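Next comes run_1.pdb, with PDB, C-alpha atoms (C1' of nucleotides).
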ATOM      1  CA  MET A   1     -13.881   2.470  28.662
ATOM      2  CA  LEU A   2     -12.553   2.203  32.171
ATOM      3  CA  TRP A   3     -14.478  -0.022  34.540
ATOM      4  CA  ASN A   4     -14.369  -0.197  38.292
ATOM      5  CA  PHE A   5     -16.792  -1.847  40.641
ATOM      6  CA  ASN A   6     -17.366  -1.940  44.353
ATOM      7  CA  SER A   7     -18.835  -4.854  46.205
ATOM      8  CA  ASN A   8     -22.007  -3.436  47.737
ATOM      9  CA  THR A   9     -24.092  -3.060  44.569
ATOM     10  CA  PRO A  10     -24.812  -5.694  41.929
ATOM     11  CA  ILE A  11     -22.313  -5.433  39.096
ATOM     12  CA  TYR A  12     -24.931  -5.224  36.380
ATOM     13  CA  ILE A  13     -26.414  -2.159  38.108
ATOM     14  CA  GLN A  14     -23.018  -0.499  38.220
ATOM     15  CA  ILE A  15     -22.475  -1.292  34.550
ATOM     16  CA  ILE A  16     -25.782   0.365  33.712
ATOM     17  CA  GLU A  17     -24.830   3.459  35.676
ATOM     18  CA  GLN A  18     -21.390   3.736  34.123
ATOM     19  CA  ILE A  19     -22.634   3.324  30.566
ATOM     20  CA  LYS A  20     -25.416   5.823  31.196
ATOM     21  CA  LEU A  21     -22.809   8.274  32.412
ATOM     22  CA  SER A  22     -20.633   7.698  29.356
ATOM     23  CA  ILE A  23     -23.579   8.346  27.081
ATOM     24  CA  ALA A  24     -24.693  11.405  29.033
ATOM     25  CA  VAL A  25     -21.326  13.125  28.832
ATOM     26  CA  GLY A  26     -20.681  12.144  25.214
ATOM     27  CA  GLU A  27     -17.893   9.667  25.851
ATOM     28  CA  TYR A  28     -20.153   7.480  23.751
ATOM     29  CA  LYS A  29     -21.576   9.600  20.930
ATOM     30  CA  ALA A  30     -25.020   9.315  19.362
ATOM     31  CA  GLY A  31     -25.054   6.510  16.830
ATOM     32  CA  ASP A  32     -21.751   5.001  17.978
ATOM     33  CA  LYS A  33     -21.333   1.282  17.607
ATOM     34  CA  LEU A  34     -20.557  -0.521  20.847
ATOM     35  CA  LEU A  35     -18.101  -3.321  21.222
ATOM     36  CA  SER A  36     -19.724  -6.750  21.183
ATOM     37  CA  VAL A  37     -21.169  -8.184  24.365
ATOM     38  CA  ARG A  38     -18.247 -10.568  24.607
ATOM     39  CA  GLU A  39     -15.672  -7.849  24.107
ATOM     40  CA  LEU A  40     -17.285  -5.521  26.626
ATOM     41  CA  ALA A  41     -17.546  -8.362  29.105
ATOM     42  CA  SER A  42     -13.898  -9.189  28.634
ATOM     43  CA  GLU A  43     -12.902  -5.546  28.957
ATOM     44  CA  ALA A  44     -14.874  -5.170  32.183
ATOM     45  CA  GLU A  45     -13.760  -8.593  33.370
ATOM     46  CA  VAL A  46     -17.286  -9.793  33.972
ATOM     47  CA  ASN A  47     -19.302 -12.655  32.587
ATOM     48  CA  PRO A  48     -20.941 -12.069  29.180
ATOM     49  CA  ASN A  49     -24.303 -12.857  30.777
ATOM     50  CA  THR A  50     -23.823 -10.042  33.257
ATOM     51  CA  MET A  51     -22.932  -7.566  30.523
ATOM     52  CA  GLN A  52     -25.862  -8.767  28.448
ATOM     53  CA  LYS A  53     -28.231  -8.169  31.329
ATOM     54  CA  ALA A  54     -27.039  -4.589  31.733
ATOM     55  CA  LEU A  55     -27.220  -3.851  28.009
ATOM     56  CA  SER A  56     -30.740  -5.257  27.757
ATOM     57  CA  GLU A  57     -31.901  -2.892  30.457
ATOM     58  CA  LEU A  58     -30.288   0.097  28.755
ATOM     59  CA  GLU A  59     -32.078  -0.957  25.608
ATOM     60  CA  ARG A  60     -35.387  -1.002  27.467
ATOM     61  CA  ASP A  61     -34.639   2.593  28.422
ATOM     62  CA  GLY A  62     -34.145   3.414  24.759
ATOM     63  CA  LEU A  63     -30.538   4.475  25.175
ATOM     64  CA  LEU A  64     -29.301   1.624  22.988
ATOM     65  CA  TYR A  65     -30.741  -0.311  20.099
ATOM     66  CA  THR A  66     -29.787  -3.606  18.540
ATOM     67  CA  GLN A  67     -29.319  -4.608  14.919
ATOM     68  CA  ARG A  68     -29.672  -8.324  15.146
ATOM     69  CA  THR A  69     -26.377  -9.727  13.960
ATOM     70  CA  SER A  70     -24.512  -6.535  13.369
ATOM     71  CA  GLY A  71     -24.183  -5.103  16.851
ATOM     72  CA  ARG A  72     -25.491  -2.565  19.317
ATOM     73  CA  PHE A  73     -25.567   1.181  18.867
ATOM     74  CA  ILE A  74     -26.089   4.265  20.967
ATOM     75  CA  THR A  75     -29.402   5.974  20.287
ATOM     76  CA  SER A  76     -29.256   8.746  17.699
ATOM     77  CA  ASP A  77     -31.733  10.819  19.700
ATOM     78  CA  THR A  78     -29.471  13.648  20.838
ATOM     79  CA  LEU A  79     -32.333  15.330  22.685
ATOM     80  CA  LYS A  80     -32.790  12.200  24.754
ATOM     81  CA  ILE A  81     -29.092  12.207  25.574
ATOM     82  CA  ALA A  82     -29.120  15.844  26.622
ATOM     83  CA  ALA A  83     -32.173  15.145  28.779
ATOM     84  CA  LEU A  84     -30.384  12.211  30.337
ATOM     85  CA  ARG A  85     -27.448  14.360  31.385
ATOM     86  CA  LYS A  86     -29.763  16.904  32.936
ATOM     87  CA  GLN A  87     -31.749  14.210  34.694
ATOM     88  CA  LEU A  88     -28.657  12.611  36.181
ATOM     89  CA  ALA A  89     -27.462  15.987  37.403
ATOM     90  CA  ASN A  90     -30.837  16.755  38.947
ATOM     91  CA  GLU A  91     -30.811  13.420  40.717
ATOM     92  CA  GLN A  92     -27.426  14.288  42.207
ATOM     93  CA  VAL A  93     -28.657  17.679  43.361
ATOM     94  CA  GLU A  94     -31.802  16.288  44.937
ATOM     95  CA  ASN A  95     -29.964  13.414  46.549
ATOM     96  CA  PHE A  96     -27.356  15.768  47.978
ATOM     97  CA  ILE A  97     -29.883  18.158  49.441
ATOM     98  CA  SER A  98     -32.024  15.425  50.923
ATOM     99  CA  LYS A  99     -29.046  13.678  52.512
ATOM    100  CA  MET A 100     -27.771  16.943  53.943
ATOM    101  CA  LYS A 101     -31.230  17.689  55.312
ATOM    102  CA  LEU A 102     -31.224  14.321  57.035
ATOM    103  CA  LEU A 103     -27.905  15.287  58.576
ATOM    104  CA  GLY A 104     -29.448  18.469  59.875
ATOM    105  CA  TYR A 105     -27.988  20.935  57.415
ATOM    106  CA  SER A 106     -30.153  23.579  55.769
ATOM    107  CA  SER A 107     -29.840  24.270  52.048
ATOM    108  CA  GLU A 108     -27.881  27.390  52.906
ATOM    109  CA  GLU A 109     -25.445  25.508  55.131
ATOM    110  CA  ALA A 110     -25.035  22.847  52.478
ATOM    111  CA  ALA A 111     -24.281  25.495  49.879
ATOM    112  CA  GLU A 112     -21.785  27.044  52.269
ATOM    113  CA  MET A 113     -19.960  23.757  52.700
ATOM    114  CA  LEU A 114     -19.790  23.426  48.943
ATOM    115  CA  LYS A 115     -18.211  26.841  48.611
ATOM    116  CA  ASP A 116     -15.635  26.069  51.314
ATOM    117  CA  HIS A 117     -14.658  22.951  49.491
TER     118      HIS A 117
ATOM    119  CA  MET B   1     -36.959   4.156  64.656
ATOM    120  CA  LEU B   2     -38.357   4.079  61.163
ATOM    121  CA  TRP B   3     -36.800   1.564  58.775
ATOM    122  CA  ASN B   4     -36.965   1.385  55.042
ATOM    123  CA  PHE B   5     -34.832  -0.617  52.681
ATOM    124  CA  ASN B   6     -34.304  -0.799  48.961
ATOM    125  CA  SER B   7     -33.270  -3.893  47.112
ATOM    126  CA  ASN B   8     -29.944  -2.916  45.551
ATOM    127  CA  THR B   9     -27.823  -2.856  48.703
ATOM    128  CA  PRO B  10     -27.460  -5.572  51.342
ATOM    129  CA  ILE B  11     -29.872  -4.937  54.188
ATOM    130  CA  TYR B  12     -27.223  -5.089  56.900
ATOM    131  CA  ILE B  13     -25.338  -2.289  55.122
ATOM    132  CA  GLN B  14     -28.458  -0.154  55.023
ATOM    133  CA  ILE B  15     -29.079  -0.818  58.707
ATOM    134  CA  ILE B  16     -25.558   0.349  59.504
ATOM    135  CA  GLU B  17     -26.060   3.533  57.506
ATOM    136  CA  GLN B  18     -29.409   4.304  59.086
ATOM    137  CA  ILE B  19     -28.210   3.765  62.637
ATOM    138  CA  LYS B  20     -25.099   5.822  61.960
ATOM    139  CA  LEU B  21     -27.322   8.615  60.740
ATOM    140  CA  SER B  22     -29.534   8.403  63.816
ATOM    141  CA  ILE B  23     -26.509   8.641  66.061
ATOM    142  CA  ALA B  24     -24.989  11.484  64.062
ATOM    143  CA  VAL B  25     -28.081  13.667  64.283
ATOM    144  CA  GLY B  26     -28.828  12.822  67.911
ATOM    145  CA  GLU B  27     -31.947  10.770  67.314
ATOM    146  CA  TYR B  28     -30.009   8.302  69.421
ATOM    147  CA  LYS B  29     -28.264  10.212  72.204
ATOM    148  CA  ALA B  30     -24.881   9.447  73.747
ATOM    149  CA  GLY B  31     -25.212   6.673  76.312
ATOM    150  CA  ASP B  32     -28.718   5.668  75.216
ATOM    151  CA  LYS B  33     -29.673   2.051  75.611
ATOM    152  CA  LEU B  34     -30.738   0.341  72.409
ATOM    153  CA  LEU B  35     -33.575  -2.088  72.111
ATOM    154  CA  SER B  36     -32.463  -5.703  72.158
ATOM    155  CA  VAL B  37     -31.273  -7.359  68.983
ATOM    156  CA  ARG B  38     -34.520  -9.303  68.784
ATOM    157  CA  GLU B  39     -36.668  -6.223  69.273
ATOM    158  CA  LEU B  40     -34.767  -4.179  66.741
ATOM    159  CA  ALA B  41     -34.928  -7.056  64.273
ATOM    160  CA  SER B  42     -38.647  -7.335  64.785
ATOM    161  CA  GLU B  43     -39.118  -3.596  64.429
ATOM    162  CA  ALA B  44     -37.137  -3.549  61.174
ATOM    163  CA  GLU B  45     -38.748  -6.790  60.042
ATOM    164  CA  VAL B  46     -35.430  -8.503  59.441
ATOM    165  CA  ASN B  47     -33.822 -11.599  60.842
ATOM    166  CA  PRO B  48     -32.081 -11.217  64.226
ATOM    167  CA  ASN B  49     -28.868 -12.489  62.618
ATOM    168  CA  THR B  50     -28.983  -9.669  60.094
ATOM    169  CA  MET B  51     -29.483  -7.065  62.811
ATOM    170  CA  GLN B  52     -26.739  -8.651  64.883
ATOM    171  CA  LYS B  53     -24.339  -8.440  61.965
ATOM    172  CA  ALA B  54     -25.013  -4.725  61.518
ATOM    173  CA  LEU B  55     -24.698  -3.979  65.235
ATOM    174  CA  SER B  56     -21.420  -5.870  65.496
ATOM    175  CA  GLU B  57     -19.948  -3.748  62.747
ATOM    176  CA  LEU B  58     -21.099  -0.530  64.410
ATOM    177  CA  GLU B  59     -19.454  -1.801  67.563
ATOM    178  CA  ARG B  60     -16.193  -2.359  65.695
ATOM    179  CA  ASP B  61     -16.425   1.307  64.696
ATOM    180  CA  GLY B  62     -16.747   2.236  68.360
ATOM    181  CA  LEU B  63     -20.174   3.794  67.960
ATOM    182  CA  LEU B  64     -21.808   1.189  70.181
ATOM    183  CA  TYR B  65     -20.619  -0.898  73.070
ATOM    184  CA  THR B  66     -22.032  -4.014  74.672
ATOM    185  CA  GLN B  67     -22.588  -4.920  78.286
ATOM    186  CA  ARG B  68     -22.766  -8.656  78.075
ATOM    187  CA  THR B  69     -26.214  -9.563  79.302
ATOM    188  CA  SER B  70     -27.619  -6.138  79.896
ATOM    189  CA  GLY B  71     -27.769  -4.692  76.426
ATOM    190  CA  ARG B  72     -26.141  -2.380  73.922
ATOM    191  CA  PHE B  73     -25.516   1.326  74.330
ATOM    192  CA  ILE B  74     -24.559   4.281  72.198
ATOM    193  CA  THR B  75     -21.037   5.487  72.838
ATOM    194  CA  SER B  76     -20.756   8.282  75.410
ATOM    195  CA  ASP B  77     -18.027   9.949  73.388
ATOM    196  CA  THR B  78     -19.857  13.054  72.214
ATOM    197  CA  LEU B  79     -16.804  14.280  70.341
ATOM    198  CA  LYS B  80     -16.819  11.103  68.294
ATOM    199  CA  ILE B  81     -20.474  11.650  67.505
ATOM    200  CA  ALA B  82     -19.921  15.234  66.419
ATOM    201  CA  ALA B  83     -17.021  14.085  64.253
ATOM    202  CA  LEU B  84     -19.241  11.424  62.728
ATOM    203  CA  ARG B  85     -21.823  13.968  61.677
ATOM    204  CA  LYS B  86     -19.171  16.149  60.111
ATOM    205  CA  GLN B  87     -17.613  13.179  58.358
ATOM    206  CA  LEU B  88     -20.936  12.042  56.889
ATOM    207  CA  ALA B  89     -21.617  15.562  55.658
ATOM    208  CA  ASN B  90     -18.168  15.814  54.097
ATOM    209  CA  GLU B  91     -18.703  12.513  52.341
ATOM    210  CA  GLN B  92     -21.911  13.886  50.854
ATOM    211  CA  VAL B  93     -20.203  17.051  49.693
ATOM    212  CA  GLU B  94     -17.302  15.215  48.126
ATOM    213  CA  ASN B  95     -19.538  12.639  46.520
ATOM    214  CA  PHE B  96     -21.775  15.355  45.103
ATOM    215  CA  ILE B  97     -18.905  17.332  43.625
ATOM    216  CA  SER B  98     -17.198  14.302  42.162
ATOM    217  CA  LYS B  99     -20.395  13.031  40.564
ATOM    218  CA  MET B 100     -21.166  16.452  39.126
ATOM    219  CA  LYS B 101     -17.638  16.680  37.771
ATOM    220  CA  LEU B 102     -18.139  13.343  36.052
ATOM    221  CA  LEU B 103     -21.274  14.780  34.514
ATOM    222  CA  GLY B 104     -19.270  17.698  33.214
ATOM    223  CA  TYR B 105     -20.352  20.370  35.655
ATOM    224  CA  SER B 106     -17.820  22.651  37.300
ATOM    225  CA  SER B 107     -18.029  23.389  41.015
ATOM    226  CA  GLU B 108     -19.500  26.777  40.138
ATOM    227  CA  GLU B 109     -22.188  25.281  37.914
ATOM    228  CA  ALA B 110     -22.987  22.691  40.590
ATOM    229  CA  ALA B 111     -23.346  25.448  43.175
ATOM    230  CA  GLU B 112     -25.585  27.325  40.777
ATOM    231  CA  MET B 113     -27.887  24.342  40.348
ATOM    232  CA  LEU B 114     -28.095  24.068  44.117
ATOM    233  CA  LYS B 115     -29.165  27.662  44.431
ATOM    234  CA  ASP B 116     -31.812  27.271  41.741
ATOM    235  CA  HIS B 117     -33.267  24.339  43.580
TER     236      HIS B 117
ATOM    237  C1'  DA C   1     -32.496 -19.983  93.927
ATOM    238  C1'  DT C   2     -35.233 -19.313  89.824
ATOM    239  C1'  DC C   3     -36.394 -17.327  85.660
ATOM    240  C1'  DA C   4     -36.565 -14.265  81.950
ATOM    241  C1'  DT C   5     -33.699 -11.472  79.044
ATOM    242  C1'  DT C   6     -29.281 -10.286  77.287
ATOM    243  C1'  DG C   7     -25.755 -11.119  73.442
ATOM    244  C1'  DT C   8     -23.799 -14.715  70.838
ATOM    245  C1'  DA C   9     -23.045 -19.027  68.157
ATOM    246  C1'  DT C  10     -24.370 -22.751  65.108
ATOM    247  C1'  DT C  11     -26.611 -25.383  61.496
ATOM    248  C1'  DA C  12     -29.717 -25.721  57.699
ATOM    249  C1'  DT C  13     -32.242 -23.732  53.915
ATOM    250  C1'  DG C  14     -33.730 -20.409  50.380
ATOM    251  C1'  DT C  15     -32.731 -16.842  47.020
ATOM    252  C1'  DG C  16     -30.567 -13.813  43.664
ATOM    253  C1'  DA C  17     -26.256 -12.356  41.524
ATOM    254  C1'  DA C  18     -22.494 -13.951  39.000
ATOM    255  C1'  DT C  19     -19.858 -17.295  36.658
ATOM    256  C1'  DA C  20     -18.876 -21.147  33.355
ATOM    257  C1'  DG C  21     -19.911 -23.525  29.449
ATOM    258  C1'  DT C  22     -22.488 -24.432  25.577
ATOM    259  C1'  DA C  23     -25.730 -23.835  21.808
ATOM    260  C1'  DC C  24     -28.218 -21.653  17.950
ATOM    261  C1'  DA C  25     -30.443 -18.471  14.427
ATOM    262  C1'  DA C  26     -29.343 -14.436  11.689
ATOM    263  C1'  DG C  27     -26.600 -11.824   8.685
ATOM    264  C1'  DC C  28     -22.305  -9.978   6.730
ATOM    265  C1'  DG C  29     -17.916 -10.654   4.067
ATOM    266  C1'  DG C  30     -14.993 -13.468   1.706
TER     267       DG C  30
ATOM    268  C1'  DC D   1     -21.826 -21.143  -0.447
ATOM    269  C1'  DC D   2     -19.066 -20.951   3.803
ATOM    270  C1'  DG D   3     -17.450 -19.372   7.875
ATOM    271  C1'  DC D   4     -17.127 -15.891  11.234
ATOM    272  C1'  DT D   5     -19.341 -12.708  14.315
ATOM    273  C1'  DT D   6     -23.527 -10.932  16.063
ATOM    274  C1'  DG D   7     -27.149 -11.196  19.874
ATOM    275  C1'  DT D   8     -29.577 -14.412  22.542
ATOM    276  C1'  DA D   9     -30.955 -18.516  25.304
ATOM    277  C1'  DC D  10     -30.268 -22.230  28.387
ATOM    278  C1'  DT D  11     -28.426 -25.217  32.168
ATOM    279  C1'  DA D  12     -25.475 -25.946  36.013
ATOM    280  C1'  DT D  13     -22.702 -24.308  39.740
ATOM    281  C1'  DT D  14     -20.823 -21.169  43.189
ATOM    282  C1'  DC D  15     -21.239 -17.545  46.543
ATOM    283  C1'  DA D  16     -22.995 -14.031  49.700
ATOM    284  C1'  DC D  17     -27.058 -12.385  51.837
ATOM    285  C1'  DA D  18     -30.946 -13.472  54.388
ATOM    286  C1'  DT D  19     -33.899 -16.355  56.881
ATOM    287  C1'  DA D  20     -35.375 -20.055  60.213
ATOM    288  C1'  DA D  21     -34.776 -22.542  64.216
ATOM    289  C1'  DT D  22     -32.236 -23.566  68.103
ATOM    290  C1'  DA D  23     -28.993 -23.448  71.822
ATOM    291  C1'  DC D  24     -26.249 -21.550  75.621
ATOM    292  C1'  DA D  25     -23.586 -18.677  79.093
ATOM    293  C1'  DA D  26     -24.077 -14.513  81.744
ATOM    294  C1'  DT D  27     -26.647 -11.571  84.683
ATOM    295  C1'  DG D  28     -30.214  -8.762  86.678
ATOM    296  C1'  DA D  29     -34.768  -9.017  88.721
ATOM    297  C1'  DT D  30     -38.080 -11.449  91.348
TER     298       DT D  30
END

Kindly return the structure encoded in the file as structure tokens.
Amino acid sequence: MLWNFNSNTPIYIQIIEQIKLSIAVGEYKAGDKLLSVRELASEAEVNPNTMQKALSELERDGLLYTQRTSGRFITSDTLKIAALRKQLANEQVENFISKMKLLGYSSEEAAEMLKDH
Amino acid sequence: MLWNFNSNTPIYIQIIEQIKLSIAVGEYKAGDKLLSVRELASEAEVNPNTMQKALSELERDGLLYTQRTSGRFITSDTLKIAALRKQLANEQVENFISKMKLLGYSSEEAAEMLKDH
DNA sequence: ATCATTGTATTATGTGAATAGTACAAGCGG
DNA sequence: CCGCTTGTACTATTCACATAATACAATGAT
């Protein structure tokens, strides 16, 4: 996994978002075993505590589960994963439209700009 | 001006974004006088130092200018303001497309989801 | 001339994110 | 059984953001 962070958002939030994305698009597959907290932390060059915090939150969302001393795994619920992808996409669509509205562009104008891109 | 902040981004960054938006869409007009730092801070319910920090940065961008003891004003450069609006819109478009690409949607599929919205 | 308001600067304090370092129970493999 | 790896927990420290409380020079209005 390739990690990159910017400075304006807490790192653990960005980790959550990036892992969610990886799950949603199948870069992590249902049932996959994750690297250990320490390995992931090392890979992302963050503190293990920070990685742990992000993983715990993903677990609360049901996207991961833990087997006590054996490791963490991606949920096997493929429906949940498909729903996640759709949800993330919908969030992007709604965010885009609302931001463009704030900037004074109608949905039609926004769509036009997309086409011209 | 109506202020609202979320917790995941530094407040002074959010202030910058919101004022930029207000300038871009003409809620603040070219040459307008702003409220004083203290008044704006009070209105937004933040510390004057925080407001000051945001305003200074906007000034560095050339969107505001200061007349030492008389107050702060929006730039009179209407071309710059028009360019700002276009730039913010372009950022939204590019961000939207790139995020949708990451989620595995082509530009055409993204445009389709927009239409269906 | 006086005074209030302007932006600006400074110091101290509080808070949450992130790091560093350490510790421990649980289980798997040898 | 032993040792390694797992997740997890805890304390201490650093850092940036934010706040609180002042202070001051410049200037426009009274």

So which residues get picked by the PyMOL selection byres ((chain C) within 10 of (chain A)) here, written as number ranges by chain?
C: 17-20, 25-28

Written as a ChimeraX atom specification, what is the full residue list that the PyMOL selection byres ((chain D) within 12 of (chain A)) yields on the file shown?
/D:4-10,16-17

Residues of chain A no more than 9 Å from chain B, counting all atoms listed in the file: send them over as a PyMOL selection string.
chain A and resi 8-10+13+21-22+24-25+85-86+88-90+92-97+99-100+102-105+107-108+110-111+113-115+117

Could you write out the selected residues, including C-alpha atoms, as an mmCIF file, in the coordinates of the input?
data_model
loop_
_atom_site.group_PDB
_atom_site.id
_atom_site.type_symbol
_atom_site.label_atom_id
_atom_site.label_comp_id
_atom_site.auth_asym_id
_atom_site.auth_seq_id
_atom_site.Cartn_x
_atom_site.Cartn_y
_atom_site.Cartn_z
ATOM 1 C CA ASN A 8 -22.007 -3.436 47.737
ATOM 2 C CA THR A 9 -24.092 -3.060 44.569
ATOM 3 C CA PRO A 10 -24.812 -5.694 41.929
ATOM 4 C CA ILE A 13 -26.414 -2.159 38.108
ATOM 5 C CA LEU A 21 -22.809 8.274 32.412
ATOM 6 C CA SER A 22 -20.633 7.698 29.356
ATOM 7 C CA ALA A 24 -24.693 11.405 29.033
ATOM 8 C CA VAL A 25 -21.326 13.125 28.832
ATOM 9 C CA ARG A 85 -27.448 14.360 31.385
ATOM 10 C CA LYS A 86 -29.763 16.904 32.936
ATOM 11 C CA LEU A 88 -28.657 12.611 36.181
ATOM 12 C CA ALA A 89 -27.462 15.987 37.403
ATOM 13 C CA ASN A 90 -30.837 16.755 38.947
ATOM 14 C CA GLN A 92 -27.426 14.288 42.207
ATOM 15 C CA VAL A 93 -28.657 17.679 43.361
ATOM 16 C CA GLU A 94 -31.802 16.288 44.937
ATOM 17 C CA ASN A 95 -29.964 13.414 46.549
ATOM 18 C CA PHE A 96 -27.356 15.768 47.978
ATOM 19 C CA ILE A 97 -29.883 18.158 49.441
ATOM 20 C CA LYS A 99 -29.046 13.678 52.512
ATOM 21 C CA MET A 100 -27.771 16.943 53.943
ATOM 22 C CA LEU A 102 -31.224 14.321 57.035
ATOM 23 C CA LEU A 103 -27.905 15.287 58.576
ATOM 24 C CA GLY A 104 -29.448 18.469 59.875
ATOM 25 C CA TYR A 105 -27.988 20.935 57.415
ATOM 26 C CA SER A 107 -29.840 24.270 52.048
ATOM 27 C CA GLU A 108 -27.881 27.390 52.906
ATOM 28 C CA ALA A 110 -25.035 22.847 52.478
ATOM 29 C CA ALA A 111 -24.281 25.495 49.879
ATOM 30 C CA MET A 113 -19.960 23.757 52.700
ATOM 31 C CA LEU A 114 -19.790 23.426 48.943
ATOM 32 C CA LYS A 115 -18.211 26.841 48.611
ATOM 33 C CA HIS A 117 -14.658 22.951 49.491
#

What does the distance from atom C1' of C:DC3 to atom C1' of D:DA21 come to in Å, to one decimal?
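Atom-to-atom, atom C1' of C:DC3 and atom C1' of D:DA21 are spaced 22.1 Å apart.
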
Chain A in the frame of chain B after Cα least-squares fit, as a tab-separated table (two decimals) with C-alpha atoms, in the coordinates of the input:
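The result, written out as selection-v4.tsv:
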chain	number	residue	atom	x	y	z
A	1	MET	CA	-36.95	4.24	64.59
A	2	LEU	CA	-38.32	4.15	61.09
A	3	TRP	CA	-36.76	1.65	58.73
A	4	ASN	CA	-36.91	1.47	54.98
A	5	PHE	CA	-34.77	-0.53	52.63
A	6	ASN	CA	-34.24	-0.73	48.92
A	7	SER	CA	-33.23	-3.83	47.08
A	8	ASN	CA	-29.89	-2.91	45.52
A	9	THR	CA	-27.75	-2.82	48.68
A	10	PRO	CA	-27.41	-5.52	51.33
A	11	ILE	CA	-29.83	-4.88	54.17
A	12	TYR	CA	-27.19	-5.04	56.87
A	13	ILE	CA	-25.29	-2.23	55.12
A	14	GLN	CA	-28.40	-0.09	55.01
A	15	ILE	CA	-29.04	-0.78	58.69
A	16	ILE	CA	-25.52	0.38	59.50
A	17	GLU	CA	-26.02	3.57	57.52
A	18	GLN	CA	-29.37	4.36	59.09
A	19	ILE	CA	-28.18	3.79	62.64
A	20	LYS	CA	-25.06	5.85	61.98
A	21	LEU	CA	-27.29	8.65	60.76
A	22	SER	CA	-29.51	8.42	63.83
A	23	ILE	CA	-26.49	8.64	66.09
A	24	ALA	CA	-24.95	11.49	64.11
A	25	VAL	CA	-28.02	13.69	64.32
A	26	GLY	CA	-28.78	12.83	67.95
A	27	GLU	CA	-31.91	10.79	67.34
A	28	TYR	CA	-29.98	8.30	69.44
A	29	LYS	CA	-28.25	10.21	72.24
A	30	ALA	CA	-24.87	9.43	73.80
A	31	GLY	CA	-25.24	6.66	76.35
A	32	ASP	CA	-28.73	5.65	75.22
A	33	LYS	CA	-29.69	2.04	75.62
A	34	LEU	CA	-30.74	0.35	72.40
A	35	LEU	CA	-33.58	-2.06	72.05
A	36	SER	CA	-32.48	-5.69	72.11
A	37	VAL	CA	-31.28	-7.34	68.93
A	38	ARG	CA	-34.52	-9.27	68.72
A	39	GLU	CA	-36.67	-6.20	69.21
A	40	LEU	CA	-34.75	-4.15	66.67
A	41	ALA	CA	-34.92	-7.01	64.21
A	42	SER	CA	-38.65	-7.29	64.70
A	43	GLU	CA	-39.10	-3.55	64.36
A	44	ALA	CA	-37.11	-3.48	61.12
A	45	GLU	CA	-38.72	-6.71	59.96
A	46	VAL	CA	-35.41	-8.42	59.35
A	47	ASN	CA	-33.83	-11.54	60.74
A	48	PRO	CA	-32.10	-11.18	64.14
A	49	ASN	CA	-28.90	-12.46	62.53
A	50	THR	CA	-28.98	-9.62	60.04
A	51	MET	CA	-29.48	-7.03	62.76
A	52	GLN	CA	-26.75	-8.63	64.83
A	53	LYS	CA	-24.33	-8.41	61.93
A	54	ALA	CA	-24.99	-4.69	61.51
A	55	LEU	CA	-24.68	-3.97	65.23
A	56	SER	CA	-21.40	-5.87	65.47
A	57	GLU	CA	-19.92	-3.72	62.75
A	58	LEU	CA	-21.07	-0.52	64.44
A	59	GLU	CA	-19.44	-1.80	67.58
A	60	ARG	CA	-16.18	-2.35	65.71
A	61	ASP	CA	-16.40	1.32	64.73
A	62	GLY	CA	-16.75	2.22	68.39
A	63	LEU	CA	-20.16	3.80	67.99
A	64	LEU	CA	-21.79	1.17	70.20
A	65	TYR	CA	-20.63	-0.94	73.10
A	66	THR	CA	-22.05	-4.05	74.68
A	67	GLN	CA	-22.64	-4.95	78.31
A	68	ARG	CA	-22.84	-8.68	78.11
A	69	THR	CA	-26.30	-9.57	79.32
A	70	SER	CA	-27.67	-6.14	79.90
A	71	GLY	CA	-27.80	-4.69	76.41
A	72	ARG	CA	-26.15	-2.39	73.92
A	73	PHE	CA	-25.52	1.31	74.34
A	74	ILE	CA	-24.57	4.27	72.22
A	75	THR	CA	-21.04	5.48	72.87
A	76	SER	CA	-20.76	8.25	75.44
A	77	ASP	CA	-18.02	9.93	73.42
A	78	THR	CA	-19.84	13.05	72.27
A	79	LEU	CA	-16.78	14.29	70.40
A	80	LYS	CA	-16.80	11.11	68.35
A	81	ILE	CA	-20.46	11.66	67.55
A	82	ALA	CA	-19.90	15.24	66.47
A	83	ALA	CA	-17.00	14.09	64.31
A	84	LEU	CA	-19.21	11.44	62.78
A	85	ARG	CA	-21.80	13.99	61.73
A	86	LYS	CA	-19.15	16.16	60.15
A	87	GLN	CA	-17.59	13.19	58.40
A	88	LEU	CA	-20.89	12.06	56.94
A	89	ALA	CA	-21.58	15.57	55.70
A	90	ASN	CA	-18.14	15.82	54.13
A	91	GLU	CA	-18.67	12.51	52.39
A	92	GLN	CA	-21.89	13.86	50.91
A	93	VAL	CA	-20.19	17.03	49.72
A	94	GLU	CA	-17.29	15.18	48.14
A	95	ASN	CA	-19.54	12.60	46.56
A	96	PHE	CA	-21.78	15.30	45.13
A	97	ILE	CA	-18.94	17.29	43.64
A	98	SER	CA	-17.23	14.26	42.16
A	99	LYS	CA	-20.44	12.96	40.60
A	100	MET	CA	-21.23	16.37	39.15
A	101	LYS	CA	-17.71	16.59	37.76
A	102	LEU	CA	-18.22	13.25	36.06
A	103	LEU	CA	-21.37	14.68	34.53
A	104	GLY	CA	-19.38	17.60	33.20
A	105	TYR	CA	-20.45	20.27	35.65
A	106	SER	CA	-17.91	22.57	37.27
A	107	SER	CA	-18.10	23.32	40.99
A	108	GLU	CA	-19.58	26.69	40.12
A	109	GLU	CA	-22.28	25.18	37.92
A	110	ALA	CA	-23.06	22.62	40.59
A	111	ALA	CA	-23.40	25.36	43.18
A	112	GLU	CA	-25.66	27.25	40.79
A	113	MET	CA	-27.95	24.26	40.39
A	114	LEU	CA	-28.14	23.98	44.15
A	115	LYS	CA	-29.20	27.59	44.46
A	116	ASP	CA	-31.88	27.19	41.78
A	117	HIS	CA	-33.29	24.26	43.63
